>>> print(open('structure05.pdb').read())   # PDB, C-alpha atoms
ATOM      1  CA  MET A   1     -77.952 -88.004-128.407
ATOM      2  CA  LYS A   2     -74.884 -90.023-129.415
ATOM      3  CA  ILE A   3     -75.262 -93.322-131.283
ATOM      4  CA  ALA A   4     -73.112 -96.323-130.360
ATOM      5  CA  VAL A   5     -72.656 -99.967-131.231
ATOM      6  CA  GLN A   6     -70.936-102.820-129.452
ATOM      7  CA  THR A   7     -67.477-103.855-130.577
ATOM      8  CA  GLY A   8     -68.436-107.525-130.419
ATOM      9  CA  GLY A   9     -69.144-108.912-133.856
ATOM     10  CA  VAL A  10     -67.185-106.109-135.483
ATOM     11  CA  GLU A  11     -63.994-107.271-133.763
ATOM     12  CA  GLN A  12     -64.478-110.794-135.084
ATOM     13  CA  TYR A  13     -65.249-109.460-138.567
ATOM     14  CA  CYS A  14     -61.976-107.507-138.414
ATOM     15  CA  GLY A  15     -59.895-110.530-137.447
ATOM     16  CA  LYS A  16     -60.027-109.648-133.726
ATOM     17  CA  SER A  17     -58.235-106.369-134.404
ATOM     18  CA  VAL A  18     -59.637-103.763-132.014
ATOM     19  CA  ASP A  19     -58.024-100.947-134.019
ATOM     20  CA  ALA A  20     -59.653-102.087-137.279
ATOM     21  CA  CYS A  21     -62.924-102.564-135.407
ATOM     22  CA  TYR A  22     -63.016 -98.964-134.168
ATOM     23  CA  LYS A  23     -62.053 -97.699-137.626
ATOM     24  CA  MET A  24     -64.959 -99.595-139.167
ATOM     25  CA  ILE A  25     -67.383 -98.333-136.510
ATOM     26  CA  LYS A  26     -66.239 -94.748-137.072
ATOM     27  CA  GLU A  27     -66.612 -95.060-140.845
ATOM     28  CA  ALA A  28     -70.129 -96.455-140.386
ATOM     29  CA  GLY A  29     -71.182 -93.210-138.716
ATOM     30  CA  PHE A  30     -71.204 -93.991-134.998
ATOM     31  CA  ASP A  31     -70.122 -91.591-132.246
ATOM     32  CA  ALA A  32     -69.426 -94.100-129.478
ATOM     33  CA  VAL A  33     -69.023 -97.766-128.607
ATOM     34  CA  ASP A  34     -70.001-100.421-126.124
ATOM     35  CA  ALA A  35     -66.601-102.029-125.523
ATOM     36  CA  ASN A  36     -66.821-105.802-125.242
ATOM     37  CA  VAL A  37     -64.088-106.213-122.664
ATOM     38  CA  ASP A  38     -65.957-109.373-121.644
ATOM     39  CA  HIS A  39     -63.803-110.966-124.366
ATOM     40  CA  LEU A  40     -60.957-110.857-121.850
ATOM     41  CA  TYR A  41     -62.567-113.740-119.959
ATOM     42  CA  ALA A  42     -64.717-116.163-121.947
ATOM     43  CA  TYR A  43     -67.890-117.710-120.523
ATOM     44  CA  LYS A  44     -66.538-121.251-120.941
ATOM     45  CA  ASP A  45     -63.376-120.368-119.036
ATOM     46  CA  ILE A  46     -65.370-118.798-116.200
ATOM     47  CA  VAL A  47     -67.628-121.812-115.698
ATOM     48  CA  GLY A  48     -64.632-124.095-116.248
ATOM     49  CA  LYS A  49     -62.777-122.251-113.469
ATOM     50  CA  CYS A  50     -59.847-121.394-115.730
ATOM     51  CA  PRO A  51     -58.121-118.191-114.583
ATOM     52  CA  ALA A  52     -57.826-115.387-117.133
ATOM     53  CA  PRO A  53     -54.431-113.775-117.805
ATOM     54  CA  ALA A  54     -55.996-110.296-117.729
ATOM     55  CA  PHE A  55     -57.266-110.807-114.198
ATOM     56  CA  SER A  56     -54.433-112.866-112.758
ATOM     57  CA  CYS A  57     -51.864-110.092-112.978
ATOM     58  CA  THR A  58     -49.582-109.272-110.076
ATOM     59  CA  SER A  59     -49.989-105.522-110.578
ATOM     60  CA  ASP A  60     -52.687-103.076-111.681
ATOM     61  CA  LYS A  61     -50.355-101.702-114.350
ATOM     62  CA  GLU A  62     -50.009-105.142-115.908
ATOM     63  CA  CYS A  63     -53.783-105.646-115.797
ATOM     64  CA  LEU A  64     -54.470-102.326-117.524
ATOM     65  CA  GLU A  65     -52.322-103.335-120.486
ATOM     66  CA  TYR A  66     -55.118-105.723-121.467
ATOM     67  CA  PHE A  67     -57.565-102.785-121.719
ATOM     68  CA  LYS A  68     -55.140-100.663-123.744
ATOM     69  CA  PRO A  69     -56.365-101.685-127.248
ATOM     70  CA  TRP A  70     -59.854-100.262-126.540
ATOM     71  CA  LYS A  71     -58.385 -97.118-124.970
ATOM     72  CA  ASP A  72     -55.948 -96.446-127.810
ATOM     73  CA  ALA A  73     -58.454 -97.141-130.584
ATOM     74  CA  ALA A  74     -61.075 -94.827-129.056
ATOM     75  CA  GLU A  75     -58.568 -91.996-128.841
ATOM     76  CA  LYS A  76     -57.224 -92.645-132.344
ATOM     77  CA  TYR A  77     -60.626 -92.594-134.061
ATOM     78  CA  GLY A  78     -62.363 -90.032-131.873
ATOM     79  CA  LEU A  79     -64.953 -92.429-130.494
ATOM     80  CA  ASP A  80     -66.396 -92.321-126.988
ATOM     81  CA  ASN A  81     -66.057 -95.472-124.884
ATOM     82  CA  TYR A  82     -69.500 -94.731-123.481
ATOM     83  CA  GLN A  83     -70.174 -98.155-121.958
ATOM     84  CA  ALA A  84     -68.575-101.557-121.592
ATOM     85  CA  HIS A  85     -69.708-105.091-120.904
ATOM     86  CA  ALA A  86     -68.127-107.003-118.018
ATOM     87  CA  PRO A  87     -67.291-110.712-118.346
ATOM     88  CA  PHE A  88     -70.119-113.036-117.320
ATOM     89  CA  PRO A  89     -71.288-115.003-115.464
ATOM     90  CA  SER A  90     -69.834-113.289-112.428
ATOM     91  CA  LEU A  91     -71.060-115.941-110.023
ATOM     92  CA  VAL A  92     -71.004-119.707-110.545
ATOM     93  CA  PRO A  93     -73.469-121.353-108.120
ATOM     94  CA  GLY A  94     -72.094-124.386-106.365
ATOM     95  CA  ASP A  95     -68.508-123.409-107.091
ATOM     96  CA  SER A  96     -65.919-122.863-104.436
ATOM     97  CA  ALA A  97     -65.861-119.582-102.563
ATOM     98  CA  GLU A  98     -62.324-119.139-103.863
ATOM     99  CA  HIS A  99     -63.418-119.078-107.519
ATOM    100  CA  ASN A 100     -66.354-116.752-106.850
ATOM    101  CA  ASP A 101     -64.034-114.448-104.909
ATOM    102  CA  TYR A 102     -61.775-114.469-107.965
ATOM    103  CA  LEU A 103     -64.764-113.453-110.118
ATOM    104  CA  LEU A 104     -65.627-110.606-107.759
ATOM    105  CA  ASN A 105     -62.031-109.394-107.970
ATOM    106  CA  MET A 106     -62.293-109.689-111.759
ATOM    107  CA  LEU A 107     -65.221-107.250-111.679
ATOM    108  CA  LYS A 108     -63.250-104.821-109.513
ATOM    109  CA  LYS A 109     -60.386-104.888-112.009
ATOM    110  CA  THR A 110     -62.831-104.391-114.875
ATOM    111  CA  ILE A 111     -64.130-101.238-113.164
ATOM    112  CA  MET A 112     -60.530-100.040-112.907
ATOM    113  CA  GLY A 113     -60.043-100.888-116.593
ATOM    114  CA  CYS A 114     -63.109 -98.858-117.531
ATOM    115  CA  ASP A 115     -61.682 -95.796-115.837
ATOM    116  CA  TYR A 116     -58.422 -96.321-117.738
ATOM    117  CA  MET A 117     -60.438 -96.414-120.985
ATOM    118  CA  ASN A 118     -62.392 -93.303-119.955
ATOM    119  CA  CYS A 119     -65.542 -95.422-119.920
ATOM    120  CA  ARG A 120     -68.082 -94.337-117.307
ATOM    121  CA  ASN A 121     -70.733 -97.071-117.567
ATOM    122  CA  LEU A 122     -70.131-100.772-116.990
ATOM    123  CA  ILE A 123     -72.882-103.344-117.532
ATOM    124  CA  ILE A 124     -72.557-106.157-114.991
ATOM    125  CA  HIS A 125     -75.124-108.919-115.360
ATOM    126  CA  PRO A 126     -77.134-109.731-112.233
ATOM    127  CA  PHE A 127     -76.009-112.758-110.268
ATOM    128  CA  PHE A 128     -78.030-115.985-110.768
ATOM    129  CA  LEU A 129     -79.522-116.224-114.232
ATOM    130  CA  ARG A 130     -80.277-119.870-115.074
ATOM    131  CA  TYR A 131     -83.747-121.244-114.430
ATOM    132  CA  GLU A 132     -82.224-124.586-113.431
ATOM    133  CA  GLU A 133     -80.596-122.989-110.392
ATOM    134  CA  HIS A 134     -84.054-122.746-108.752
ATOM    135  CA  VAL A 135     -83.032-119.812-106.596
ATOM    136  CA  ASP A 136     -85.794-118.405-104.406
ATOM    137  CA  PRO A 137     -86.459-114.637-104.646
ATOM    138  CA  GLU A 138     -85.081-113.840-101.194
ATOM    139  CA  THR A 139     -81.778-115.639-101.842
ATOM    140  CA  GLU A 140     -81.459-114.015-105.241
ATOM    141  CA  TRP A 141     -82.098-110.568-103.774
ATOM    142  CA  ASN A 142     -79.683-110.995-100.885
ATOM    143  CA  THR A 143     -76.937-112.401-103.113
ATOM    144  CA  ASN A 144     -77.226-109.555-105.622
ATOM    145  CA  ILE A 145     -77.301-106.863-102.961
ATOM    146  CA  GLU A 146     -74.272-108.396-101.234
ATOM    147  CA  ARG A 147     -72.135-108.792-104.364
ATOM    148  CA  TYR A 148     -73.044-105.486-106.011
ATOM    149  CA  SER A 149     -72.441-103.714-102.703
ATOM    150  CA  ALA A 150     -68.941-105.185-102.607
ATOM    151  CA  LEU A 151     -68.191-103.204-105.783
ATOM    152  CA  ILE A 152     -69.208 -99.820-104.367
ATOM    153  CA  PRO A 153     -65.694 -98.787-103.218
ATOM    154  CA  GLU A 154     -64.323 -99.320-106.748
ATOM    155  CA  ALA A 155     -67.301 -97.572-108.366
ATOM    156  CA  LYS A 156     -66.669 -94.533-106.163
ATOM    157  CA  LYS A 157     -62.901 -94.605-106.551
ATOM    158  CA  TYR A 158     -62.954 -94.778-110.347
ATOM    159  CA  GLY A 159     -66.158 -92.858-111.094
ATOM    160  CA  VAL A 160     -67.778 -95.715-112.979
ATOM    161  CA  THR A 161     -71.537 -96.329-112.875
ATOM    162  CA  ILE A 162     -72.465 -99.999-112.533
ATOM    163  CA  CYS A 163     -75.465-100.851-114.710
ATOM    164  CA  LEU A 164     -77.749-103.788-114.012
ATOM    165  CA  GLU A 165     -79.633-105.324-116.943
ATOM    166  CA  ASN A 166     -83.018-106.987-117.442
ATOM    167  CA  MET A 167     -82.334-110.667-118.041
ATOM    168  CA  PHE A 168     -84.138-113.805-119.201
ATOM    169  CA  SER A 169     -83.575-117.520-118.819
ATOM    170  CA  SER A 170     -84.868-120.615-120.590
ATOM    171  CA  CYS A 171     -85.868-124.151-119.778
ATOM    172  CA  ASN A 172     -86.774-126.905-122.248
ATOM    173  CA  GLY A 173     -86.987-124.380-125.041
ATOM    174  CA  LYS A 174     -89.285-122.001-123.157
ATOM    175  CA  ILE A 175     -88.233-118.443-122.314
ATOM    176  CA  MET A 176     -88.459-117.729-118.581
ATOM    177  CA  ALA A 177     -88.180-114.631-116.404
ATOM    178  CA  ALA A 178     -84.858-113.991-114.676
ATOM    179  CA  CYS A 179     -83.245-111.421-112.416
ATOM    180  CA  CYS A 180     -84.350-107.822-113.127
ATOM    181  CA  SER A 181     -86.880-108.920-115.757
ATOM    182  CA  ASN A 182     -89.512-107.596-113.361
ATOM    183  CA  ILE A 183     -89.086-103.870-113.866
ATOM    184  CA  THR A 184     -90.519-102.911-110.474
ATOM    185  CA  THR A 185     -87.962-105.167-108.794
ATOM    186  CA  ALA A 186     -85.230-103.739-111.045
ATOM    187  CA  CYS A 187     -86.099-100.228-109.834
ATOM    188  CA  ARG A 188     -85.948-101.455-106.254
ATOM    189  CA  TYR A 189     -82.471-102.883-106.858
ATOM    190  CA  ILE A 190     -81.124 -99.591-108.211
ATOM    191  CA  ASP A 191     -82.691 -97.494-105.466
ATOM    192  CA  THR A 192     -81.546 -99.835-102.692
ATOM    193  CA  LEU A 193     -77.982-100.063-103.974
ATOM    194  CA  ASN A 194     -77.680 -96.298-104.412
ATOM    195  CA  GLU A 195     -79.009 -95.819-100.896
ATOM    196  CA  ILE A 196     -76.356 -98.220 -99.592
ATOM    197  CA  ALA A 197     -73.703 -96.368-101.594
ATOM    198  CA  GLY A 198     -74.887 -92.986-100.373
ATOM    199  CA  GLN A 199     -74.653 -91.639-103.914
ATOM    200  CA  GLU A 200     -75.530 -92.620-107.476
ATOM    201  CA  CYS A 201     -73.213 -95.531-108.227
ATOM    202  CA  PHE A 202     -75.792 -97.752-109.950
ATOM    203  CA  GLY A 203     -77.987 -97.370-113.002
ATOM    204  CA  PHE A 204     -79.813 -99.550-115.482
ATOM    205  CA  CYS A 205     -79.131-100.848-118.980
ATOM    206  CA  VAL A 206     -82.376-101.531-120.849
ATOM    207  CA  ASP A 207     -82.110-104.537-123.148
ATOM    208  CA  THR A 208     -84.865-104.207-125.737
ATOM    209  CA  GLY A 209     -84.435-107.755-127.017
ATOM    210  CA  HIS A 210     -84.848-109.269-123.564
ATOM    211  CA  LEU A 211     -88.009-107.219-122.979
ATOM    212  CA  LEU A 212     -89.414-108.543-126.248
ATOM    213  CA  LEU A 213     -88.656-112.176-125.374
ATOM    214  CA  LEU A 214     -90.735-111.858-122.199
ATOM    215  CA  GLY A 215     -93.564-109.989-123.905
ATOM    216  CA  LEU A 216     -92.968-106.769-121.973
ATOM    217  CA  ASN A 217     -94.043-103.367-123.263
ATOM    218  CA  VAL A 218     -90.842-101.501-124.086
ATOM    219  CA  LYS A 219     -92.275 -98.033-123.473
ATOM    220  CA  ASN A 220     -93.835 -98.953-120.130
ATOM    221  CA  ALA A 221     -90.549-100.473-118.943
ATOM    222  CA  MET A 222     -88.622 -97.352-119.913
ATOM    223  CA  VAL A 223     -91.113 -95.024-118.258
ATOM    224  CA  GLU A 224     -91.038 -96.983-114.989
ATOM    225  CA  LEU A 225     -87.238 -96.996-114.927
ATOM    226  CA  GLY A 226     -87.056 -93.333-115.904
ATOM    227  CA  GLU A 227     -83.834 -91.562-114.940
ATOM    228  CA  ARG A 228     -82.361 -94.830-113.667
ATOM    229  CA  ILE A 229     -81.626 -95.653-117.326
ATOM    230  CA  LYS A 230     -77.981 -94.900-118.075
ATOM    231  CA  ALA A 231     -77.406 -97.244-121.021
ATOM    232  CA  PHE A 232     -79.117 -99.385-123.654
ATOM    233  CA  HIS A 233     -78.663-102.673-125.439
ATOM    234  CA  VAL A 234     -80.849-102.043-128.481
ATOM    235  CA  HIS A 235     -81.564-105.032-130.710
ATOM    236  CA  ASP A 236     -84.377-106.988-132.337
ATOM    237  CA  ASN A 237     -85.508-110.614-132.469
ATOM    238  CA  ASN A 238     -88.380-112.861-133.549
ATOM    239  CA  GLY A 239     -89.937-112.875-130.077
ATOM    240  CA  MET A 240     -88.714-116.415-129.404
ATOM    241  CA  ASN A 241     -84.921-116.341-129.650
ATOM    242  CA  ASP A 242     -82.266-113.903-128.403
ATOM    243  CA  GLN A 243     -81.063-113.148-131.914
ATOM    244  CA  HIS A 244     -79.391-109.721-131.471
ATOM    245  CA  LEU A 245     -80.511-108.434-134.856
ATOM    246  CA  ALA A 246     -80.702-104.962-136.349
ATOM    247  CA  PRO A 247     -83.940-103.003-135.940
ATOM    248  CA  TYR A 248     -86.748-104.131-138.265
ATOM    249  CA  MET A 249     -85.225-107.594-138.705
ATOM    250  CA  GLY A 250     -87.519-108.886-135.956
ATOM    251  CA  VAL A 251     -90.878-108.035-134.412
ATOM    252  CA  GLN A 252     -90.080-105.236-131.929
ATOM    253  CA  ASP A 253     -92.410-102.213-132.040
ATOM    254  CA  TRP A 254     -89.868 -99.475-132.812
ATOM    255  CA  ASP A 255     -92.478 -96.708-132.840
ATOM    256  CA  LEU A 256     -93.277 -97.653-129.246
ATOM    257  CA  PHE A 257     -89.567 -97.634-128.436
ATOM    258  CA  VAL A 258     -89.258 -94.081-129.771
ATOM    259  CA  GLU A 259     -92.293 -93.094-127.695
ATOM    260  CA  GLY A 260     -90.421 -94.411-124.666
ATOM    261  CA  LEU A 261     -87.328 -92.352-125.471
ATOM    262  CA  LYS A 262     -89.509 -89.296-125.858
ATOM    263  CA  ALA A 263     -91.433 -89.948-122.643
ATOM    264  CA  ILE A 264     -88.295 -90.119-120.496
ATOM    265  CA  LYS A 265     -86.517 -87.361-122.442
ATOM    266  CA  TYR A 266     -83.513 -89.631-122.930
ATOM    267  CA  ASP A 267     -80.487 -87.585-124.004
ATOM    268  CA  LYS A 268     -77.565 -89.926-123.311
ATOM    269  CA  THR A 269     -75.988 -92.426-125.692
ATOM    270  CA  LEU A 270     -78.152 -94.958-127.531
ATOM    271  CA  SER A 271     -76.147 -98.149-127.981
ATOM    272  CA  PHE A 272     -76.910-101.141-130.208
ATOM    273  CA  GLU A 273     -76.078-104.751-129.347
ATOM    274  CA  THR A 274     -76.471-106.250-132.807
ATOM    275  CA  PHE A 275     -73.482-108.570-133.180
ATOM    276  CA  ASN A 276     -75.478-111.318-134.917
ATOM    277  CA  ILE A 277     -75.910-109.342-138.129
ATOM    278  CA  PHE A 278     -72.440-110.580-139.041
ATOM    279  CA  ASN A 279     -73.849-114.108-139.108
ATOM    280  CA  LYS A 280     -77.017-113.195-141.012
ATOM    281  CA  VAL A 281     -75.771-111.404-144.129
ATOM    282  CA  ASP A 282     -72.935-111.901-146.572
ATOM    283  CA  LYS A 283     -69.611-110.546-145.358
ATOM    284  CA  GLU A 284     -69.567-107.995-148.183
ATOM    285  CA  LEU A 285     -72.787-106.453-146.860
ATOM    286  CA  CYS A 286     -71.670-106.119-143.216
ATOM    287  CA  PRO A 287     -70.321-102.554-143.527
ATOM    288  CA  ASP A 288     -73.646-101.517-145.089
ATOM    289  CA  MET A 289     -75.523-103.192-142.232
ATOM    290  CA  LEU A 290     -73.479-101.209-139.725
ATOM    291  CA  ARG A 291     -74.321 -97.995-141.576
ATOM    292  CA  PHE A 292     -77.992 -98.993-141.543
ATOM    293  CA  ILE A 293     -77.906 -99.469-137.766
ATOM    294  CA  ALA A 294     -76.245 -96.083-137.277
ATOM    295  CA  LYS A 295     -78.902 -94.441-139.475
ATOM    296  CA  ALA A 296     -81.670 -96.204-137.547
ATOM    297  CA  GLY A 297     -80.222 -94.850-134.306
ATOM    298  CA  ARG A 298     -80.137 -91.309-135.663
ATOM    299  CA  MET A 299     -83.701 -91.659-136.881
ATOM    300  CA  PHE A 300     -84.839 -92.842-133.436
ATOM    301  CA  ALA A 301     -82.999 -89.931-131.785
ATOM    302  CA  LYS A 302     -84.495 -87.399-134.214
ATOM    303  CA  ARG A 303     -88.045 -88.674-133.792
ATOM    304  CA  ALA A 304     -87.695 -88.763-130.010
ATOM    305  CA  LYS A 305     -87.128 -84.995-130.111
ATOM    306  CA  GLU A 306     -90.089 -84.230-132.375
TER     307      GLU A 306
END
>>> encode(input="structure05.pdb", output="structure tokens")
Amino acid sequence: MKIAVQTGGVEQYCGKSVDACYKMIKEAGFDAVDANVDHLYAYKDIVGKCPAPAFSCTSDKECLEYFKPWKDAAEKYGLDNYQAHAPFPSLVPGDSAEHNDYLLNMLKKTIMGCDYMNCRNLIIHPFFLRYEEHVDPETEWNTNIERYSALIPEAKKYGVTICLENMFSSCNGKIMAACCSNITTACRYIDTLNEIAGQECFGFCVDTGHLLLLGLNVKNAMVELGERIKAFHVHDNNGMNDQHLAPYMGVQDWDLFVEGLKAIKYDKTLSFETFNIFNKVDKELCPDMLRFIAKAGRMFAKRAKE
């Protein structure tokens, strides 16, 4: 099992240098990365309907230049671009059809960019996430099936697996369920979309922190999803806030997590989404924290095989 970490957090620590980021990740002992190409289109710009240069190009060649830093750094330092994170949100309710069409095209170009980076798994957040949107289950289902299905031609063309993720929302300080937080429904999404595609174009990214926020048993979720799991966002929190901390800095049951890995015989890449450690410890300690996360991943992988 390979061990990975997201580039987010590390990139900022390295002055937004992707090359220095990959060097630091390699030196910390990781084999692979979760490339935060979502940095190409910031959340505030998406909801503010500001076009992104990376996705407003007149040619595919021009677009791919924006993905080149992650491609070059992976090749230079011998790291696997195992997974990437698409910009989000990828649907803005109430916005014009023109802007949401632009966002769908942005996702198609991100799939193309993943292929260019030799990245075979792209996490695309489900559509409709905020509690305040008050979307009924049928509308949410139909919207997600429609928009994910629109990405099938690109997924097939470029050989990239689209991974859905278990989400959460909040209202007045209370954590609420959101799309794919119900694991049975999440399984139904993957199976339905793959049936529409006629092949395996969709998988699942298990976010351990989001499971914890909703009080869900991490092992049970993993067992129910089974082979649908293609990627992970492994991180910890205090059970109340989405803190994205290193293992053992929160209240997650990591022994239960390892039991889940063992139960499903997971042998792919285990990726950490722990960017907030760079805000929790002194800058001098950040490289040591990265090494700690890599060691934790190797320990989990070793124990899952025992």
>>> atom_distance(input="structure05.pdb", atom1="atom CA of Leu225 of chain A", atom2="atom CA of Gly239 of chain A")
22.1 Å
>>> closest_residue(input="structure05.pdb", among="A:Val206, A:Ala73, A:Val218, A:Met117", to="Val18 of chain A", atoms="only C-alpha atoms")
A:Ala73
>>> closest_residue(input="structure05.pdb", among="A:Leu79, A:Leu164, A:Cys187, A:Leu107", to="Leu91 of chain A", atoms="all atoms listed in the file")
A:Leu107
>>> closest_residue(input="structure05.pdb", among="A:Tyr82, A:Tyr131, A:Phe88, A:Tyr43", to="Thr161 of chain A", atoms="all atoms listed in the file")
A:Tyr82
>>> closest_residue(input="structure05.pdb", among="A:Ser169, A:Asn121, A:Thr185, A:Thr208", to="Glu138 of chain A", atoms="only C-alpha atoms")
A:Thr185
>>> resolve_selection(input="structure05.pdb", expression="the PyMOL selection byres ((chain A and resi 271) around 12)", output="ChimeraX atom specification")
/A:1-7,30-35,80-85,121,205-208,230-235,246,268-270,272-275,293-294,296-298,300-301
>>> write_last_selection(input="structure05.pdb", atoms="C-alpha atoms", output="PDB file, keeping the file's coordinate frame")
ATOM      1  CA  MET A   1     -77.952 -88.004-128.407  1.00  0.00           C
ATOM      2  CA  LYS A   2     -74.884 -90.023-129.415  1.00  0.00           C
ATOM      3  CA  ILE A   3     -75.262 -93.322-131.283  1.00  0.00           C
ATOM      4  CA  ALA A   4     -73.112 -96.323-130.360  1.00  0.00           C
ATOM      5  CA  VAL A   5     -72.656 -99.967-131.231  1.00  0.00           C
ATOM      6  CA  GLN A   6     -70.936-102.820-129.452  1.00  0.00           C
ATOM      7  CA  THR A   7     -67.477-103.855-130.577  1.00  0.00           C
ATOM      8  CA  PHE A  30     -71.204 -93.991-134.998  1.00  0.00           C
ATOM      9  CA  ASP A  31     -70.122 -91.591-132.246  1.00  0.00           C
ATOM     10  CA  ALA A  32     -69.426 -94.100-129.478  1.00  0.00           C
ATOM     11  CA  VAL A  33     -69.023 -97.766-128.607  1.00  0.00           C
ATOM     12  CA  ASP A  34     -70.001-100.421-126.124  1.00  0.00           C
ATOM     13  CA  ALA A  35     -66.601-102.029-125.523  1.00  0.00           C
ATOM     14  CA  ASP A  80     -66.396 -92.321-126.988  1.00  0.00           C
ATOM     15  CA  ASN A  81     -66.057 -95.472-124.884  1.00  0.00           C
ATOM     16  CA  TYR A  82     -69.500 -94.731-123.481  1.00  0.00           C
ATOM     17  CA  GLN A  83     -70.174 -98.155-121.958  1.00  0.00           C
ATOM     18  CA  ALA A  84     -68.575-101.557-121.592  1.00  0.00           C
ATOM     19  CA  HIS A  85     -69.708-105.091-120.904  1.00  0.00           C
ATOM     20  CA  ASN A 121     -70.733 -97.071-117.567  1.00  0.00           C
ATOM     21  CA  CYS A 205     -79.131-100.848-118.980  1.00  0.00           C
ATOM     22  CA  VAL A 206     -82.376-101.531-120.849  1.00  0.00           C
ATOM     23  CA  ASP A 207     -82.110-104.537-123.148  1.00  0.00           C
ATOM     24  CA  THR A 208     -84.865-104.207-125.737  1.00  0.00           C
ATOM     25  CA  LYS A 230     -77.981 -94.900-118.075  1.00  0.00           C
ATOM     26  CA  ALA A 231     -77.406 -97.244-121.021  1.00  0.00           C
ATOM     27  CA  PHE A 232     -79.117 -99.385-123.654  1.00  0.00           C
ATOM     28  CA  HIS A 233     -78.663-102.673-125.439  1.00  0.00           C
ATOM     29  CA  VAL A 234     -80.849-102.043-128.481  1.00  0.00           C
ATOM     30  CA  HIS A 235     -81.564-105.032-130.710  1.00  0.00           C
ATOM     31  CA  ALA A 246     -80.702-104.962-136.349  1.00  0.00           C
ATOM     32  CA  LYS A 268     -77.565 -89.926-123.311  1.00  0.00           C
ATOM     33  CA  THR A 269     -75.988 -92.426-125.692  1.00  0.00           C
ATOM     34  CA  LEU A 270     -78.152 -94.958-127.531  1.00  0.00           C
ATOM     35  CA  PHE A 272     -76.910-101.141-130.208  1.00  0.00           C
ATOM     36  CA  GLU A 273     -76.078-104.751-129.347  1.00  0.00           C
ATOM     37  CA  THR A 274     -76.471-106.250-132.807  1.00  0.00           C
ATOM     38  CA  PHE A 275     -73.482-108.570-133.180  1.00  0.00           C
ATOM     39  CA  ILE A 293     -77.906 -99.469-137.766  1.00  0.00           C
ATOM     40  CA  ALA A 294     -76.245 -96.083-137.277  1.00  0.00           C
ATOM     41  CA  ALA A 296     -81.670 -96.204-137.547  1.00  0.00           C
ATOM     42  CA  GLY A 297     -80.222 -94.850-134.306  1.00  0.00           C
ATOM     43  CA  ARG A 298     -80.137 -91.309-135.663  1.00  0.00           C
ATOM     44  CA  PHE A 300     -84.839 -92.842-133.436  1.00  0.00           C
ATOM     45  CA  ALA A 301     -82.999 -89.931-131.785  1.00  0.00           C
TER      46      ALA A 301
END
>>> closest_residue(input="structure05.pdb", among="A:Arg120, A:His39, A:Lys265, A:His99", to="Pro87 of chain A", atoms="only C-alpha atoms")
A:His39
>>> residues_around(input="structure05.pdb", residues="Asp191 of chain A", least_positions_apart="6", cutoff="9 Å", atoms="all atoms listed in the file", output="PyMOL selection string")
chain A and resi 200+202-203+228
>>> atom_distance(input="structure05.pdb", atom1="atom CA of Ile162 of chain A", atom2="atom CA of Ile124 of chain A")
6.6 Å
>>> residues_around(input="structure05.pdb", residues="Arg130 of chain A", least_positions_apart="4", cutoff="10 Å", atoms="only C-alpha atoms", output="tab-separated table (two decimals) with C-alpha atoms, in the coordinates of the input")
chain	number	residue	atom	x	y	z
A	93	PRO	CA	-73.47	-121.35	-108.12
A	134	HIS	CA	-84.05	-122.75	-108.75
A	135	VAL	CA	-83.03	-119.81	-106.60
A	167	MET	CA	-82.33	-110.67	-118.04
A	168	PHE	CA	-84.14	-113.80	-119.20
A	169	SER	CA	-83.58	-117.52	-118.82
A	170	SER	CA	-84.87	-120.62	-120.59
A	171	CYS	CA	-85.87	-124.15	-119.78
A	176	MET	CA	-88.46	-117.73	-118.58
A	177	ALA	CA	-88.18	-114.63	-116.40
A	178	ALA	CA	-84.86	-113.99	-114.68
A	179	CYS	CA	-83.24	-111.42	-112.42
>>> residues_near_point(input="structure05.pdb", point="(-75.2, -100.0, -107.0)", cutoff="8 Å", atoms="all atoms listed in the file", output="list in words")
Tyr148, Ser149, Leu151, Ile152, Thr161, Ile162, Cys163, Tyr189, Ile190, Thr192, Leu193, Asn194, Ile196, Ala197, Glu200, Cys201, Phe202 and Gly203 of chain A
>>> write_last_selection(input="structure05.pdb", atoms="C-alpha atoms", output="mmCIF file, in the coordinates of the input")
data_model
loop_
_atom_site.group_PDB
_atom_site.id
_atom_site.type_symbol
_atom_site.label_atom_id
_atom_site.label_comp_id
_atom_site.auth_asym_id
_atom_site.auth_seq_id
_atom_site.Cartn_x
_atom_site.Cartn_y
_atom_site.Cartn_z
ATOM 1 C CA TYR A 148 -73.044 -105.486 -106.011
ATOM 2 C CA SER A 149 -72.441 -103.714 -102.703
ATOM 3 C CA LEU A 151 -68.191 -103.204 -105.783
ATOM 4 C CA ILE A 152 -69.208 -99.820 -104.367
ATOM 5 C CA THR A 161 -71.537 -96.329 -112.875
ATOM 6 C CA ILE A 162 -72.465 -99.999 -112.533
ATOM 7 C CA CYS A 163 -75.465 -100.851 -114.710
ATOM 8 C CA TYR A 189 -82.471 -102.883 -106.858
ATOM 9 C CA ILE A 190 -81.124 -99.591 -108.211
ATOM 10 C CA THR A 192 -81.546 -99.835 -102.692
ATOM 11 C CA LEU A 193 -77.982 -100.063 -103.974
ATOM 12 C CA ASN A 194 -77.680 -96.298 -104.412
ATOM 13 C CA ILE A 196 -76.356 -98.220 -99.592
ATOM 14 C CA ALA A 197 -73.703 -96.368 -101.594
ATOM 15 C CA GLU A 200 -75.530 -92.620 -107.476
ATOM 16 C CA CYS A 201 -73.213 -95.531 -108.227
ATOM 17 C CA PHE A 202 -75.792 -97.752 -109.950
ATOM 18 C CA GLY A 203 -77.987 -97.370 -113.002
#
>>> residues_around(input="structure05.pdb", residues="Gly9 of chain A", least_positions_apart="2", cutoff="7 Å", atoms="only C-alpha atoms", output="ChimeraX atom specification")
/A:7,11-13,275-276,278
>>> resolve_selection(input="structure05.pdb", expression="the PyMOL selection byres ((chain A and resi 55-64) around 8)", output="list of chain:residue names")
A:Pro51, A:Ala52, A:Pro53, A:Ala54, A:Glu65, A:Tyr66, A:Phe67, A:Lys68, A:Asn105, A:Met106, A:Lys109, A:Met112, A:Gly113, A:Tyr116
